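Peer 1: So that you have it, the file is structure_18.txt, and it contains compact mmCIF, C-alpha atoms:
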```txt
# COMPACT_ATOMS: atom_id res chain seq x y z
CA MET A 26 74.27 139.95 132.16
CA LEU A 27 76.32 140.25 128.97
CA THR A 28 79.64 138.44 129.10
CA GLY A 29 82.47 138.23 126.63
CA HIS A 30 86.11 137.53 126.20
CA ALA A 31 88.91 139.15 124.29
CA SER A 32 88.49 138.04 120.70
CA GLN A 33 91.23 136.38 118.69
CA GLN A 34 89.11 136.61 115.56
CA CYS A 35 89.56 138.95 112.63
CA PHE A 36 86.86 140.24 110.31
CA ALA A 37 87.12 142.14 107.05
CA LEU A 38 84.47 144.50 105.73
CA ILE A 39 84.59 145.19 101.99
CA ASP A 40 82.48 148.04 100.67
CA VAL A 41 82.17 149.25 97.06
CA ASN A 42 82.65 153.01 96.89
CA ASN A 43 79.57 154.90 95.64
CA PHE A 44 78.26 151.60 94.32
CA TYR A 45 75.52 152.62 91.87
CA VAL A 46 77.63 155.43 90.43
CA SER A 47 80.66 153.14 90.18
CA CYS A 48 78.58 150.56 88.28
CA GLU A 49 77.58 153.21 85.74
CA ARG A 50 81.20 154.34 85.42
CA ALA A 51 82.42 150.78 84.89
CA PHE A 52 80.50 150.69 81.60
CA ASN A 53 81.06 154.34 80.71
CA PRO A 54 84.58 155.47 81.67
CA LYS A 55 83.83 158.96 80.33
CA LEU A 56 81.95 159.52 83.59
CA ASP A 57 85.16 159.26 85.64
CA HIS A 58 85.92 162.43 87.63
CA LYS A 59 82.59 163.97 86.60
CA PRO A 60 79.70 164.78 88.97
CA VAL A 61 77.22 161.89 88.71
CA VAL A 62 74.07 160.96 90.62
CA VAL A 63 71.78 157.95 90.40
CA LEU A 64 68.10 158.58 91.06
CA SER A 65 65.38 156.44 92.62
CA ASN A 66 62.88 154.41 90.59
CA ASN A 67 60.72 157.36 89.62
CA ASP A 68 63.73 159.71 89.30
CA GLY A 69 62.45 161.42 92.43
CA CYS A 70 65.40 161.37 94.81
CA VAL A 71 69.17 160.98 94.80
CA VAL A 72 70.15 157.46 95.94
CA ALA A 73 73.84 157.53 94.98
CA ARG A 74 76.40 160.33 94.57
CA SER A 75 79.89 160.54 93.17
CA ASN A 76 82.53 162.18 95.34
CA GLU A 77 82.31 165.24 93.09
CA VAL A 78 78.60 165.59 93.89
CA LYS A 79 79.17 165.02 97.60
CA ALA A 80 81.69 167.88 97.51
CA LEU A 81 78.88 170.14 96.26
CA GLY A 82 76.92 169.44 99.44
CA VAL A 83 74.21 167.29 97.83
CA ARG A 84 72.73 165.05 100.54
CA MET A 85 71.53 161.50 100.14
CA GLY A 86 67.81 161.39 99.39
CA ALA A 87 67.67 164.96 98.11
CA PRO A 88 64.68 165.52 95.75
CA TRP A 89 65.97 165.82 92.20
CA PHE A 90 63.67 168.72 91.27
CA GLU A 91 65.34 170.83 93.97
CA LEU A 92 68.74 170.25 92.35
CA LYS A 93 67.93 171.30 88.79
CA ASP A 94 69.66 174.70 89.06
CA LEU A 95 72.70 173.20 90.79
CA ALA A 96 72.81 170.45 88.16
CA LYS A 97 72.92 172.99 85.34
CA GLN A 98 75.55 175.09 87.11
CA HIS A 99 77.90 172.16 87.71
CA ALA A 100 76.91 169.88 84.82
CA ILE A 101 75.71 167.09 87.10
CA ILE A 102 74.88 163.94 85.15
CA ALA A 103 71.84 162.01 86.37
CA TYR A 104 71.03 158.34 85.74
CA SER A 105 67.88 156.38 86.49
CA SER A 106 68.38 153.32 88.69
CA ASN A 107 69.27 150.10 86.88
CA TYR A 108 68.85 147.44 89.56
CA GLU A 109 69.38 144.54 87.18
CA LEU A 110 72.85 145.91 86.42
CA TYR A 111 73.61 146.62 90.08
CA GLY A 112 72.49 143.15 91.15
CA ASP A 113 74.69 141.51 88.53
CA MET A 114 77.73 143.59 89.52
CA SER A 115 77.11 142.81 93.19
CA GLU A 116 77.12 139.08 92.51
CA ARG A 117 80.41 139.42 90.63
CA VAL A 118 82.00 141.18 93.60
CA MET A 119 80.68 138.63 96.11
CA SER A 120 81.90 135.77 93.92
CA ILE A 121 85.41 137.25 93.87
CA LEU A 122 85.37 137.64 97.65
CA ARG A 123 84.47 133.97 98.10
CA ASP A 124 87.87 133.17 96.59
CA PHE A 125 89.54 135.00 99.48
CA SER A 126 87.54 133.41 102.32
CA PRO A 127 84.85 130.72 102.54
CA HIS A 128 83.36 132.52 105.55
CA GLN A 129 81.20 135.22 104.03
CA GLU A 130 78.28 137.35 105.18
CA ILE A 131 76.69 139.47 102.45
CA TYR A 132 75.53 142.46 104.46
CA SER A 133 74.04 144.51 101.62
CA ILE A 134 74.22 144.85 97.85
CA ASP A 135 77.61 146.58 98.11
CA GLU A 136 78.99 145.38 101.47
CA CYS A 137 80.35 142.06 102.63
CA PHE A 138 81.93 140.74 105.82
CA LEU A 139 84.59 138.04 105.61
CA GLY A 140 85.90 135.88 108.41
CA VAL A 141 89.66 136.05 107.82
CA ASN A 142 91.04 134.68 111.09
CA GLY A 143 94.30 132.88 110.31
CA LEU A 144 94.23 133.77 106.62
CA ASP A 145 96.99 136.32 107.16
CA GLN A 146 99.33 133.31 107.01
CA LEU A 147 98.66 133.30 103.27
CA TRP A 148 99.76 136.94 103.10
CA SER A 149 102.50 138.97 104.74
CA THR A 150 99.86 141.09 106.50
CA TYR A 151 96.12 141.66 106.42
CA THR A 152 96.92 144.93 104.64
CA ASP A 153 98.51 142.93 101.80
CA MET A 154 95.38 140.79 101.66
CA GLY A 155 93.22 143.92 101.51
CA CYS A 156 95.31 145.35 98.67
CA ALA A 157 94.95 142.07 96.77
CA ILE A 158 91.17 142.22 97.22
CA ARG A 159 91.05 145.83 95.99
CA ASN A 160 93.24 145.11 92.99
CA ARG A 161 91.37 141.98 91.89
CA ILE A 162 87.92 143.53 92.17
CA LYS A 163 89.10 146.63 90.29
CA GLN A 164 90.73 144.53 87.57
CA TRP A 165 87.86 142.07 87.14
CA THR A 166 84.87 144.40 87.54
CA GLY A 167 86.17 147.97 87.29
CA LEU A 168 84.69 148.80 90.72
CA PRO A 169 86.67 150.60 93.47
CA VAL A 170 86.42 149.15 96.98
CA CYS A 171 87.76 149.90 100.44
CA VAL A 172 88.69 147.20 102.96
CA GLY A 173 88.70 147.39 106.75
CA PHE A 174 90.03 144.78 109.19
CA GLY A 175 89.12 144.54 112.86
CA SER A 176 88.89 142.02 115.68
CA THR A 177 85.09 142.52 115.72
CA LYS A 178 82.53 143.32 113.05
CA THR A 179 81.96 146.79 114.50
CA LEU A 180 85.70 147.52 114.38
CA ALA A 181 85.94 146.16 110.83
CA LYS A 182 83.09 148.47 109.82
CA LEU A 183 84.87 151.40 111.48
CA ALA A 184 88.15 150.43 109.81
CA ASN A 185 86.40 150.53 106.44
CA HIS A 186 85.18 154.06 107.21
CA ILE A 187 88.74 155.09 108.06
CA ALA A 188 90.09 153.48 104.88
CA LYS A 189 87.54 155.41 102.85
CA LYS A 190 87.95 158.80 104.52
CA GLN A 191 91.70 158.97 105.21
CA PRO A 192 93.89 158.84 102.07
CA ILE A 193 96.97 157.84 104.08
CA PHE A 194 95.56 154.29 104.32
CA LYS A 195 95.17 154.00 100.52
CA GLY A 196 91.85 152.20 100.77
CA VAL A 197 92.90 149.52 103.29
CA CYS A 198 92.89 149.93 107.09
CA ASP A 199 93.92 147.11 109.45
CA LEU A 200 93.09 148.13 113.01
CA THR A 201 94.59 144.90 114.36
CA SER A 202 98.04 146.11 113.36
CA LEU A 203 97.82 149.49 115.12
CA SER A 204 99.07 150.31 118.61
CA THR A 205 96.73 151.42 121.39
CA SER A 206 97.91 155.01 121.06
CA GLN A 207 97.37 155.00 117.30
CA MET A 208 93.82 153.69 117.72
CA ASP A 209 93.13 156.24 120.46
CA GLY A 210 94.20 159.03 118.11
CA LEU A 211 92.00 157.76 115.30
CA PHE A 212 88.96 157.15 117.49
CA ALA A 213 89.25 160.55 119.17
CA ALA A 214 88.95 162.23 115.74
CA ILE A 215 85.89 160.28 114.49
CA GLU A 216 82.38 161.48 115.29
CA VAL A 217 80.37 158.97 117.32
CA GLY A 218 77.63 158.83 114.69
CA GLU A 219 80.01 156.91 112.42
CA VAL A 220 79.82 153.85 114.68
CA TRP A 221 77.79 151.00 113.20
CA GLY A 222 74.36 151.01 114.86
CA VAL A 223 74.48 154.57 116.20
CA GLY A 224 71.62 156.33 114.43
CA SER A 225 70.84 160.04 114.48
CA LYS A 226 68.54 159.82 117.51
CA ILE A 227 71.05 157.89 119.63
CA ARG A 228 73.85 160.18 118.41
CA GLN A 229 71.93 163.21 119.66
CA GLN A 230 71.36 161.58 123.04
CA LEU A 231 75.02 160.61 123.31
CA ASN A 232 76.07 164.15 122.41
CA LYS A 233 73.83 165.55 125.16
CA ALA A 234 75.63 163.23 127.58
CA GLY A 235 79.00 164.60 126.44
CA ILE A 236 79.91 161.63 124.22
CA HIS A 237 80.96 163.05 120.85
CA THR A 238 83.66 160.68 119.58
CA VAL A 239 84.21 156.97 119.04
CA LYS A 240 86.87 156.99 121.77
CA ALA A 241 84.45 158.53 124.27
CA LEU A 242 81.86 155.84 123.47
CA ARG A 243 84.44 153.08 123.80
CA ASP A 244 85.65 154.39 127.16
CA VAL A 245 82.28 155.08 128.81
CA SER A 246 80.82 152.72 131.41
CA PRO A 247 79.02 149.77 129.75
CA ALA A 248 76.57 149.64 132.65
CA TRP A 249 75.58 153.26 132.01
CA LEU A 250 75.12 152.55 128.29
CA LYS A 251 72.93 149.54 129.02
CA HIS A 252 70.82 151.56 131.45
CA GLN A 253 70.38 154.45 129.02
CA PHE A 254 70.09 152.65 125.67
CA GLY A 255 69.71 148.92 126.27
CA ILE A 256 71.77 145.86 125.55
CA ILE A 257 72.39 146.69 121.86
CA MET A 258 74.51 149.73 122.72
CA GLU A 259 76.23 147.75 125.48
CA ARG A 260 77.24 145.19 122.85
CA THR A 261 78.46 147.99 120.59
CA HIS A 262 80.65 149.23 123.44
CA TYR A 263 82.19 145.79 123.94
CA GLU A 264 82.74 145.39 120.19
CA LEU A 265 84.65 148.71 120.15
CA GLN A 266 86.84 147.26 122.89
CA GLY A 267 87.61 144.21 120.75
CA ILE A 268 85.22 141.79 122.46
CA THR A 269 83.17 139.88 119.91
CA CYS A 270 79.42 140.03 120.46
CA LEU A 271 78.32 139.74 116.81
CA SER A 272 79.18 136.56 114.95
CA LEU A 273 79.41 136.10 111.20
CA GLU A 274 76.00 135.23 109.73
CA GLU A 275 76.99 132.98 106.86
CA VAL A 276 73.37 131.98 106.18
CA ALA A 277 71.40 135.10 105.32
CA ALA A 278 68.12 135.65 107.15
CA PRO A 279 65.03 136.67 105.13
CA HIS A 280 65.03 140.41 104.48
CA LYS A 281 62.41 142.60 106.16
CA GLN A 282 61.92 146.18 105.08
CA ILE A 283 59.83 149.22 105.84
CA ILE A 284 59.98 151.71 102.98
CA SER A 285 58.91 155.35 103.05
CA SER A 286 58.35 156.43 99.46
CA ARG A 287 57.38 159.91 98.28
CA THR A 288 54.57 160.14 95.78
CA PHE A 289 51.66 162.35 94.72
CA GLY A 290 48.19 162.24 96.33
CA LYS A 291 46.50 161.54 93.00
CA ARG A 292 47.39 160.00 89.65
CA ILE A 293 49.69 162.24 87.55
CA ASP A 294 49.71 161.85 83.76
CA THR A 295 51.27 165.12 82.56
CA LEU A 296 54.63 166.77 83.13
```
Would you kindly transcribe this structure into structure tokens?

Peer 2:
Amino acid sequence: MLTGHASQQCFALIDVNNFYVSCERAFNPKLDHKPVVVLSNNDGCVVARSNEVKALGVRMGAPWFELKDLAKQHAIIAYSSNYELYGDMSERVMSILRDFSPHQEIYSIDECFLGVNGLDQLWSTYTDMGCAIRNRIKQWTGLPVCVGFGSTKTLAKLANHIAKKQPIFKGVCDLTSLSTSQMDGLFAAIEVGEVWGVGSKIRQQLNKAGIHTVKALRDVSPAWLKHQFGIIMERTHYELQGITCLSLEEVAAPHKQIISSRTFGKRIDTL
């Protein structure tokens, strides 16, 4: 049986906005406010989109050849992936974040969790700390980031989503500072698929069961979730309630990947 206790911890999740595109813009400011995509290794699919491209309805992973007409119509600028550049910029960001907290979990090339419990004593609020993080990373690297704070990693991840999607938060959302009614209002307006760990298949199953929002997932019976989806979703439920089930992994585990890559059935040597 899963047990837990109300967490007194606080986590921050820092995420670089449109990371690959932002890296290209950092070295070419003329790309600011223009529709930009970054393509996969063989220029086959879209792996990063500027907000301007997202507004055109271009989905992640869209084949580039299908977008040629749209690209001409809207003057979309396409770049091939430059992973050496992106890796270097990622290390710069992570190095800056180590100055804010020694407790760091690098989650991906553009995302990082920080353990910030008690560090608010160095700032007036966690929001002030988040603003300082945003400003320093922007000043030192040219990259825009959003920062979310929560009493669990799942809530910090959700707070980052809110910071990114709702302009009123100006890029920093501290869920630990909000009242219960304020959090209820936010969670009732966010689709359940935005919760960390809820993939498309689980989202569809939750929707069939009448669970469409983050609030509905948080308020459902944990026993029912465990029966239907297993202990992982039960832990997600507790994390949404502020009960820590996922600790900070300060020592990264070896990466394991399964990659599905599109290619041709035979060698191609002409356009």

Peer 1: If we count all atoms listed in the file, what is near region 115-121 of chain A at a cut-off of 8 Å, once residues fewer than 3 positions away on the same chain are taken out, given as an mmCIF file with C-alpha atoms, in the frame of the given file?

Peer 2:
```cif
data_model
loop_
_atom_site.group_PDB
_atom_site.id
_atom_site.type_symbol
_atom_site.label_atom_id
_atom_site.label_comp_id
_atom_site.auth_asym_id
_atom_site.auth_seq_id
_atom_site.Cartn_x
_atom_site.Cartn_y
_atom_site.Cartn_z
ATOM 1 C CA TYR A 111 73.610 146.620 90.080
ATOM 2 C CA GLY A 112 72.490 143.150 91.150
ATOM 3 C CA ASP A 124 87.870 133.170 96.590
ATOM 4 C CA PHE A 125 89.540 135.000 99.480
ATOM 5 C CA ILE A 131 76.690 139.470 102.450
ATOM 6 C CA ILE A 134 74.220 144.850 97.850
ATOM 7 C CA ASP A 135 77.610 146.580 98.110
ATOM 8 C CA CYS A 137 80.350 142.060 102.630
ATOM 9 C CA ARG A 161 91.370 141.980 91.890
ATOM 10 C CA ILE A 162 87.920 143.530 92.170
ATOM 11 C CA THR A 166 84.870 144.400 87.540
#
```

Peer 1: What is the distance between CA of Asp113 (chain A) and CA of Lys59 (chain A), in Å to one decimal?

Peer 2: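 CA of Lys59 (chain A) lies at a distance of 23.9 Å from CA of Asp113 (chain A).
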
Peer 1: Please determine, counting only C-alpha atoms, which residue among A:Val78, A:Leu139, A:Val41, A:Leu180 has the shortest atom-to-atom distance to Pro60 (chain A).

Peer 2: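 Ranking A:Val78, A:Leu139, A:Val41, A:Leu180 by distance to Pro60 (chain A), first place goes to A:Val78.
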
Peer 1: When you look at His186 (chain A) with a cut-off of 9 Å (counting only C-alpha atoms), what residues show up, excluding the ones that are within fewer than 5 positions of it in the same chain? I need them as JSON, numbers by chain.

Peer 2: {"A": [171, 172, 173, 181, 191, 198, 219]}

Peer 1: When you draw a straight line from CA of Thr205 (chain A) to CA of Asp40 (chain A), how long is it in Å?

Peer 2: 25.4 Å

Peer 1: Take CA of Phe174 (chain A) and CA of Arg84 (chain A) and report the distance between them in Å, one decimal.

Peer 2: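 Distance reported for this atom pair: 28.0 Å.
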
Peer 1: For Asn76 (chain A), which residue among A:Leu64, A:Leu168, A:Val46, A:Leu95 is the nearest when counting all atoms listed in the file?

Peer 2: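 When distances to Asn76 (chain A) are compared using all atoms listed in the file, the smallest one comes from A:Val46.
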
Peer 1: Excluding same-chain residues fewer than 2 positions from Val220 (chain A), what lies within 10 Å of it counting only C-alpha atoms, as JSON, numbers by chain?

Peer 2: {"A": [179, 180, 182, 183, 186, 215, 216, 217, 218, 222, 223, 224, 228, 238, 239, 242, 261, 262, 265]}

Peer 1: Would you mind telling me which residue in A:Phe212, A:Tyr104, A:Trp249, A:Tyr151 lies nearest to Leu56 (chain A) when using all atoms listed in the file?

Peer 2: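 Checking each of A:Phe212, A:Tyr104, A:Trp249, A:Tyr151 against Leu56 (chain A), counting all atoms listed in the file, the winner is A:Tyr104.
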
Peer 1: Of the candidates A:Thr150, A:Val71, A:Leu273, A:Cys48, which shows the shortest atom-to-atom distance to Glu109 (chain A), using only C-alpha atoms?

Peer 2: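 Ranked by minimum distance to Glu109 (chain A), first place goes to A:Cys48.
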
Peer 1: My list of candidates is A:Met114, A:Ala100, A:Val197, A:Ile256. Which is closest to Val61 (chain A) when distances are computed with all atoms listed in the file?

Peer 2: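 Of A:Met114, A:Ala100, A:Val197, A:Ile256, the one nearest Val61 (chain A), counting all atoms listed in the file, is A:Ala100.
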